[in-house]
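S.K.: So that we are looking at the same thing, I have put the structure below in structure tokens.
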Amino acid sequence: MTVVLPHIDDQGLGRALRRAGRACVEAGTEDFIEHIDGILVLGLTTASAFSTDAGTILADLLIERGLIDEARRSDLRLALHEALANGLLHGNLELHSHNAQTPAAFLENAALLESRLASPDYARRPIAIAISLNPSFVEIAITDSGKGYSPEFLSAPPSDRTAGDRVGHGLMLLARHSDGLRFEAGGRRVILSFQRCARRG
Amino acid sequence: MQHEINLQGKDLEITMKHQLIYADTTKFSAVIQKVRETDIASCVVNLAGLEHIDSSGLRMVLLLHDACKEKSAPLRLSGSRGQVKDMLLHCRFETIVQID
């Protein structure tokens with residue numbers, strides 16, 4: 001069963017995901033998720049993905065269903081937030097953290113973020129989160145509708161960062177807190193792998 | 001993010017709760033703005049109620065440090081625990097900001 005939601009908030013999203021069959025979509029994102037595979041696919045507009053805590057809600061759901069071990073809750077929540085931040089900020093909203101490295105620049109970037117979230121051209125752009133299973137892993141694919149990354153960026157392995165580095169923590173944390181990380185669709189899709197919970201095999 | 005800002009004399013205390021993630025950018029800009037427009041001598045951020053932080057949140061804390069530095073006001077992070085403490089230490093924040 002596909003659940004179509006005209007409006008989304010945290011409680012409504014949690015309830016809809018629990019009763020959805022294959023898909024749970026916000027109105028207007030149906031076409032975007034049509035060709036995305038998964039046992040559960042969530043389609044949201046940028047504005048709704050930003051205003052709800054989809055990362056925490058999905059992490060809770062995957063643990064509740066016994067797919068990922070409770071001990072990984074913090075890793076899962078963090079990885080989902082990092083991947084969503086990537087897709088929403090850098091992908092759909094076309095904002096870049098390297099433009100916000102001073103307090104003044106951060107305030108400018110925050111104002112730009114607010115204006116883009118208020119603009120239907122940006123706010124209605126879809127993002128999809130798809131859950132797939134294989135014998136050993138749960139895969140979580142986050143697909144945005146932005147311009148993707150350059151091949152050079154994608155081929156550079158994430159490495160450790162220290163506090164002095166103002167950008168690059170996100171990818172490093174994605175790699176560190178998941179069991180696998182890869183990019184597809186020119187960087188518009190990030191796929192995170194987490195070991196399946198032994199209890200449910 | 002849920003937060004409170006209290007100014008006592010020239011000492012600013014910011015209390016943060018729940019989580020600090022990418023979606024809190026607009027809320028956090030009000031914190032940075034407050035620091036920039038206030039005559040402060042010190043700033044303490046109480047993180048005891050903060051349970052989760054992502055890389056955007058870490059970046060925002062660094063920018064708060066920079067905003068305090070512009071005012072020559074030392075920043076101190078107090079009460080961090082769990083995932084937040086792990087993230088601050090993993091990213092070597094103690095080399096830049098006082099953490100206790």
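All residue names refer to the structure tokens as shown: chains lettered A, B, ... in order, residues numbered from 1 in each chain, ligands numbered from 1 in order.
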I'd like the neighbourhood of Thr56 (chain A) as a PDB file with all heavy atoms, in the first residue's frame, where a residue qualifies if any of its atoms comes within 8 Å (using only C-alpha atoms), though same-chain residues fewer than 3 positions away should be ignored.

M.R.:
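The resulting file, out_39.pdb, is reproduced below:
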```pdb
ATOM      1  N   ASP A  53      11.841  15.496  11.396  1.00  0.00           N
ATOM      2  CA  ASP A  53      13.098  14.809  11.722  1.00  0.00           C
ATOM      3  C   ASP A  53      13.042  13.399  11.141  1.00  0.00           C
ATOM      4  O   ASP A  53      13.000  12.402  11.872  1.00  0.00           O
ATOM      5  CB  ASP A  53      13.315  14.797  13.234  1.00  0.00           C
ATOM      6  CG  ASP A  53      14.718  14.317  13.593  1.00  0.00           C
ATOM      7  OD1 ASP A  53      15.487  13.986  12.673  1.00  0.00           O
ATOM      8  OD2 ASP A  53      15.021  14.265  14.794  1.00  0.00           O
ATOM      9  N   ALA A  59      15.347   5.947  11.759  1.00  0.00           N
ATOM     10  CA  ALA A  59      16.249   5.151  12.614  1.00  0.00           C
ATOM     11  C   ALA A  59      15.424   4.378  13.641  1.00  0.00           C
ATOM     12  O   ALA A  59      15.630   3.178  13.850  1.00  0.00           O
ATOM     13  CB  ALA A  59      17.257   6.069  13.304  1.00  0.00           C
ATOM     14  N   ASP A  60      14.473   5.055  14.263  1.00  0.00           N
ATOM     15  CA  ASP A  60      13.613   4.388  15.255  1.00  0.00           C
ATOM     16  C   ASP A  60      12.844   3.230  14.623  1.00  0.00           C
ATOM     17  O   ASP A  60      12.718   2.153  15.207  1.00  0.00           O
ATOM     18  CB  ASP A  60      12.619   5.393  15.861  1.00  0.00           C
ATOM     19  CG  ASP A  60      13.300   6.416  16.767  1.00  0.00           C
ATOM     20  OD1 ASP A  60      14.471   6.200  17.131  1.00  0.00           O
ATOM     21  OD2 ASP A  60      12.653   7.427  17.091  1.00  0.00           O
ATOM     22  N   ARG A  77      21.259   7.126  13.370  1.00  0.00           N
ATOM     23  CA  ARG A  77      20.658   8.474  13.409  1.00  0.00           C
ATOM     24  C   ARG A  77      21.629   9.499  12.820  1.00  0.00           C
ATOM     25  O   ARG A  77      21.239  10.349  12.014  1.00  0.00           O
ATOM     26  CB  ARG A  77      20.327   8.792  14.872  1.00  0.00           C
ATOM     27  CG  ARG A  77      19.613  10.099  15.110  1.00  0.00           C
ATOM     28  CD  ARG A  77      19.314  10.214  16.601  1.00  0.00           C
ATOM     29  NE  ARG A  77      18.722  11.467  16.953  1.00  0.00           N
ATOM     30  CZ  ARG A  77      18.559  11.878  18.213  1.00  0.00           C
ATOM     31  NH1 ARG A  77      18.940  11.118  19.211  1.00  0.00           N
ATOM     32  NH2 ARG A  77      18.003  13.055  18.467  1.00  0.00           N
ATOM     33  N   LEU A  80      22.040   8.996   8.973  1.00  0.00           N
ATOM     34  CA  LEU A  80      20.856   9.495   8.256  1.00  0.00           C
ATOM     35  C   LEU A  80      20.839  11.023   8.235  1.00  0.00           C
ATOM     36  O   LEU A  80      20.523  11.639   7.205  1.00  0.00           O
ATOM     37  CB  LEU A  80      19.580   8.943   8.893  1.00  0.00           C
ATOM     38  CG  LEU A  80      19.234   7.513   8.477  1.00  0.00           C
ATOM     39  CD1 LEU A  80      18.212   6.896   9.430  1.00  0.00           C
ATOM     40  CD2 LEU A  80      18.684   7.487   7.047  1.00  0.00           C
ATOM     41  N   HIS A  81      21.183  11.642   9.336  1.00  0.00           N
ATOM     42  CA  HIS A  81      21.226  13.108   9.355  1.00  0.00           C
ATOM     43  C   HIS A  81      22.283  13.639   8.389  1.00  0.00           C
ATOM     44  O   HIS A  81      22.056  14.617   7.678  1.00  0.00           O
ATOM     45  CB  HIS A  81      21.499  13.620  10.773  1.00  0.00           C
ATOM     46  CG  HIS A  81      20.289  13.587  11.657  1.00  0.00           C
ATOM     47  ND1 HIS A  81      20.362  13.396  13.015  1.00  0.00           N
ATOM     48  CD2 HIS A  81      18.976  13.714  11.382  1.00  0.00           C
ATOM     49  CE1 HIS A  81      19.152  13.416  13.539  1.00  0.00           C
ATOM     50  NE2 HIS A  81      18.288  13.590  12.559  1.00  0.00           N
TER      51      HIS A  81
END
```

S.K.: Return the neighbours of chain B among the residues of chain A, cut-off 10 Å, counting only C-alpha atoms, as a count of residues only.

M.R.: 49

S.K.: Write out as a PyMOL selection string the set of residues from region 9-40 of chain A that DSSP, computed on the backbone, places in alpha helix (DSSP H).

M.R.: chain A and resi 10-19+30-33

S.K.: Counting only C-alpha atoms, what is within 7 Å of region 5-20 of chain B, bar same-chain residues fewer than 2 positions away, as a VMD selection string?

M.R.: chain B and resid 1 to 3 24 39 to 47 49 to 54 57

S.K.: Quick one: pull the distance between CA of Glu184 (chain A) and CA of Asp121 (chain A), Å, one decimal.

M.R.: 24.4 Å

S.K.: Give me, please, the distance in Å between CA of Leu181 (chain A) and CA of Ala54 (chain A), quoted to one decimal.

M.R.: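 Spanning CA of Leu181 (chain A) to CA of Ala54 (chain A) is a straight-line distance of 19.5 Å.
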
S.K.: Smallest atom-to-atom distance to Cys197 (chain A): which of A:Asn92, A:Gln11, A:Thr143, A:Asn134, using only C-alpha atoms?

M.R.: A:Asn134

S.K.: Show which residues sit within 10 Å of Arg125 (chain A), as a list in words. Count only C-alpha atoms, and ignore same-chain residues fewer than 3 positions away.

M.R.: Gly28, Thr29, Phe32, Leu44, Thr45, Thr46, Ala47, Leu88, Gly91, Asn92, Leu93, Pro120, Asp121, Tyr122, Asp144, Ser145 and Gly146 of chain A

S.K.: Using only C-alpha atoms, can you tell me which of A:Ile131, A:Leu13, A:Thr2, A:His177 comes closest to Arg73 (chain A)?

M.R.: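 Nearest to Arg73 (chain A): A:His177.
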
S.K.: Residues near Glu139 (chain A), anyone? I mean within 7 Å using only C-alpha atoms, not counting same-chain ones fewer than 3 positions away, as a PDB file with N, CA and C atoms, in the first residue's frame.

M.R.:
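Final output, result-v4.pdb:
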```pdb
ATOM      1  N   ILE A 131      14.650   1.986   1.603  1.00  0.00           N
ATOM      2  CA  ILE A 131      15.255   0.918   2.392  1.00  0.00           C
ATOM      3  C   ILE A 131      15.236  -0.373   1.583  1.00  0.00           C
ATOM      4  N   SER A 132      16.384  -1.029   1.467  1.00  0.00           N
ATOM      5  CA  SER A 132      16.471  -2.333   0.789  1.00  0.00           C
ATOM      6  C   SER A 132      17.178  -3.318   1.715  1.00  0.00           C
ATOM      7  N   LEU A 133      16.888  -4.586   1.480  1.00  0.00           N
ATOM      8  CA  LEU A 133      17.524  -5.623   2.307  1.00  0.00           C
ATOM      9  C   LEU A 133      18.288  -6.590   1.432  1.00  0.00           C
ATOM     10  N   ILE A 191      24.334   5.767  -0.761  1.00  0.00           N
ATOM     11  CA  ILE A 191      23.801   4.500  -0.239  1.00  0.00           C
ATOM     12  C   ILE A 191      24.616   4.090   0.984  1.00  0.00           C
ATOM     13  N   LEU A 192      23.910   3.990   2.095  1.00  0.00           N
ATOM     14  CA  LEU A 192      24.532   3.592   3.357  1.00  0.00           C
ATOM     15  C   LEU A 192      24.189   2.138   3.636  1.00  0.00           C
ATOM     16  N   SER A 193      25.152   1.383   4.117  1.00  0.00           N
ATOM     17  CA  SER A 193      24.878  -0.007   4.507  1.00  0.00           C
ATOM     18  C   SER A 193      25.068  -0.154   6.005  1.00  0.00           C
ATOM     19  N   PHE A 194      24.157  -0.920   6.596  1.00  0.00           N
ATOM     20  CA  PHE A 194      24.269  -1.280   8.012  1.00  0.00           C
ATOM     21  C   PHE A 194      24.056  -2.769   8.141  1.00  0.00           C
TER      22      PHE A 194
END
```

S.K.: Once DSSP has gone over the backbone, tell me which residues of chain B are in strand (DSSP E), as an NGL selection string.

M.R.: :B and (2-8 or 11-20 or 42-53 or 75-78 or 98-99)

S.K.: Would you mind exporting N, CA, C and O atoms of the selected residues as a compact mmCIF listing (two decimals), in the first residue's frame?

M.R.:
```txt
# COMPACT_ATOMS: atom_id res chain seq x y z
N GLN B 2 16.44 23.04 21.07
CA GLN B 2 15.74 23.92 21.99
C GLN B 2 16.85 24.68 22.71
O GLN B 2 17.84 24.08 23.13
N HIS B 3 16.69 25.98 22.83
CA HIS B 3 17.76 26.72 23.50
C HIS B 3 17.23 27.90 24.30
O HIS B 3 16.13 28.39 24.06
N GLU B 4 18.06 28.29 25.26
CA GLU B 4 17.77 29.49 26.06
C GLU B 4 19.04 30.30 26.13
O GLU B 4 20.14 29.74 26.19
N ILE B 5 18.88 31.61 26.11
CA ILE B 5 20.04 32.49 26.23
C ILE B 5 19.84 33.39 27.44
O ILE B 5 18.81 34.05 27.56
N ASN B 6 20.82 33.39 28.34
CA ASN B 6 20.74 34.26 29.52
C ASN B 6 21.99 35.12 29.59
O ASN B 6 23.11 34.59 29.49
N LEU B 7 21.79 36.42 29.78
CA LEU B 7 22.92 37.35 29.91
C LEU B 7 22.93 37.88 31.33
O LEU B 7 21.94 38.49 31.78
N GLN B 8 24.02 37.64 32.04
CA GLN B 8 24.17 38.19 33.39
C GLN B 8 25.39 39.09 33.37
O GLN B 8 26.52 38.60 33.29
N ASP B 11 28.33 38.24 31.03
CA ASP B 11 28.54 36.80 30.88
C ASP B 11 27.30 36.16 30.24
O ASP B 11 26.21 36.22 30.79
N LEU B 12 27.54 35.56 29.09
CA LEU B 12 26.44 34.96 28.35
C LEU B 12 26.40 33.46 28.61
O LEU B 12 27.42 32.78 28.52
N GLU B 13 25.22 32.95 28.94
CA GLU B 13 25.06 31.49 29.07
C GLU B 13 24.01 31.02 28.07
O GLU B 13 22.90 31.56 28.01
N ILE B 14 24.40 30.03 27.29
CA ILE B 14 23.48 29.45 26.30
C ILE B 14 23.23 27.99 26.70
O ILE B 14 24.18 27.23 26.89
N THR B 15 21.97 27.64 26.85
CA THR B 15 21.62 26.26 27.19
C THR B 15 20.99 25.62 25.96
O THR B 15 20.05 26.17 25.38
N MET B 16 21.54 24.49 25.55
CA MET B 16 21.01 23.78 24.37
C MET B 16 20.48 22.42 24.78
O MET B 16 21.11 21.72 25.58
N LYS B 17 19.34 22.04 24.21
CA LYS B 17 18.74 20.75 24.52
C LYS B 17 18.33 20.00 23.25
O LYS B 17 18.25 20.60 22.18
N HIS B 18 18.06 18.71 23.42
CA HIS B 18 17.58 17.81 22.37
C HIS B 18 18.69 17.53 21.35
O HIS B 18 19.56 16.72 21.61
N GLN B 19 18.72 18.17 20.22
CA GLN B 19 19.76 17.88 19.24
C GLN B 19 20.15 19.15 18.50
O GLN B 19 19.40 20.12 18.46
N LEU B 20 21.37 19.12 17.92
CA LEU B 20 21.84 20.25 17.11
C LEU B 20 22.28 19.67 15.76
O LEU B 20 23.33 19.04 15.66
N SER B 42 32.38 36.80 28.39
CA SER B 42 32.57 35.35 28.34
C SER B 42 31.29 34.68 27.84
O SER B 42 30.21 35.29 27.87
N CYS B 43 31.45 33.45 27.39
CA CYS B 43 30.28 32.70 26.91
C CYS B 43 30.42 31.24 27.34
O CYS B 43 31.45 30.62 27.10
N VAL B 44 29.40 30.74 27.99
CA VAL B 44 29.36 29.33 28.39
C VAL B 44 28.18 28.68 27.70
O VAL B 44 27.08 29.22 27.69
N VAL B 45 28.44 27.53 27.07
CA VAL B 45 27.34 26.78 26.47
C VAL B 45 27.12 25.53 27.30
O VAL B 45 28.01 24.68 27.43
N ASN B 46 25.93 25.43 27.87
CA ASN B 46 25.57 24.27 28.69
C ASN B 46 24.97 23.20 27.77
O ASN B 46 23.90 23.37 27.20
N LEU B 47 25.71 22.10 27.63
CA LEU B 47 25.31 21.04 26.70
C LEU B 47 24.72 19.81 27.42
O LEU B 47 24.51 18.77 26.79
N ALA B 48 24.45 19.95 28.72
CA ALA B 48 24.00 18.79 29.49
C ALA B 48 22.73 18.17 28.92
O ALA B 48 22.52 16.97 29.01
N GLY B 49 21.88 18.99 28.34
CA GLY B 49 20.62 18.47 27.81
C GLY B 49 20.67 18.14 26.32
O GLY B 49 19.65 17.79 25.72
N LEU B 50 21.86 18.29 25.73
CA LEU B 50 21.98 18.01 24.28
C LEU B 50 22.35 16.54 24.10
O LEU B 50 23.37 16.08 24.61
N GLU B 51 21.53 15.80 23.36
CA GLU B 51 21.75 14.35 23.24
C GLU B 51 22.34 13.92 21.91
O GLU B 51 22.82 12.80 21.78
N HIS B 52 22.32 14.83 20.91
CA HIS B 52 22.77 14.40 19.58
C HIS B 52 23.27 15.61 18.78
O HIS B 52 22.68 16.69 18.85
N ILE B 53 24.36 15.40 18.05
CA ILE B 53 24.90 16.49 17.21
C ILE B 53 25.41 15.87 15.91
O ILE B 53 25.90 14.73 15.91
N LEU B 75 35.12 31.11 25.01
CA LEU B 75 33.96 30.21 24.95
C LEU B 75 34.29 28.95 25.74
O LEU B 75 35.40 28.41 25.62
N ARG B 76 33.33 28.50 26.52
CA ARG B 76 33.50 27.24 27.27
C ARG B 76 32.30 26.36 27.00
O ARG B 76 31.15 26.84 27.02
N LEU B 77 32.56 25.09 26.73
CA LEU B 77 31.48 24.11 26.53
C LEU B 77 31.40 23.26 27.78
O LEU B 77 32.39 22.62 28.16
N SER B 78 30.25 23.24 28.43
CA SER B 78 30.16 22.48 29.68
C SER B 78 29.08 21.41 29.60
O SER B 78 28.07 21.57 28.92
N GLN B 98 37.60 25.44 25.23
CA GLN B 98 37.67 24.80 26.55
C GLN B 98 36.43 23.93 26.75
O GLN B 98 35.30 24.39 26.57
N ILE B 99 36.66 22.66 27.10
CA ILE B 99 35.55 21.73 27.33
C ILE B 99 35.65 21.21 28.76
O ILE B 99 36.72 20.75 29.18
```

S.K.: Excluding Ala128 (chain A) and residues on its chain fewer than 3 positions from it, collect all residues at most 6 Å away from it, counting only C-alpha atoms, and give them as a PDB file with all heavy atoms, in the first residue's frame.

M.R.:
```pdb
ATOM      1  N   LEU A  42      10.366   6.357   1.020  1.00  0.00           N
ATOM      2  CA  LEU A  42       9.753   7.582   1.539  1.00  0.00           C
ATOM      3  C   LEU A  42      10.091   8.724   0.597  1.00  0.00           C
ATOM      4  O   LEU A  42      11.260   8.955   0.281  1.00  0.00           O
ATOM      5  CB  LEU A  42      10.309   7.865   2.946  1.00  0.00           C
ATOM      6  CG  LEU A  42       9.962   9.211   3.579  1.00  0.00           C
ATOM      7  CD1 LEU A  42       8.461   9.343   3.799  1.00  0.00           C
ATOM      8  CD2 LEU A  42      10.702   9.378   4.917  1.00  0.00           C
ATOM      9  N   GLY A  43       9.073   9.429   0.122  1.00  0.00           N
ATOM     10  CA  GLY A  43       9.284  10.585  -0.756  1.00  0.00           C
ATOM     11  C   GLY A  43       8.801  11.846  -0.065  1.00  0.00           C
ATOM     12  O   GLY A  43       7.651  11.908   0.378  1.00  0.00           O
ATOM     13  N   ILE A 142      19.598   7.461  -0.208  1.00  0.00           N
ATOM     14  CA  ILE A 142      19.003   8.803  -0.182  1.00  0.00           C
ATOM     15  C   ILE A 142      19.282   9.450  -1.534  1.00  0.00           C
ATOM     16  O   ILE A 142      20.440   9.635  -1.917  1.00  0.00           O
ATOM     17  CB  ILE A 142      19.577   9.661   0.967  1.00  0.00           C
ATOM     18  CG1 ILE A 142      19.076   9.136   2.319  1.00  0.00           C
ATOM     19  CG2 ILE A 142      19.125  11.114   0.864  1.00  0.00           C
ATOM     20  CD1 ILE A 142      20.002   8.331   3.068  1.00  0.00           C
ATOM     21  N   THR A 143      18.219   9.744  -2.263  1.00  0.00           N
ATOM     22  CA  THR A 143      18.356  10.295  -3.615  1.00  0.00           C
ATOM     23  C   THR A 143      17.808  11.709  -3.631  1.00  0.00           C
ATOM     24  O   THR A 143      16.640  11.935  -3.291  1.00  0.00           O
ATOM     25  CB  THR A 143      17.569   9.436  -4.625  1.00  0.00           C
ATOM     26  OG1 THR A 143      17.959   8.075  -4.493  1.00  0.00           O
ATOM     27  CG2 THR A 143      17.814   9.909  -6.050  1.00  0.00           C
TER      28      THR A 143
END
```
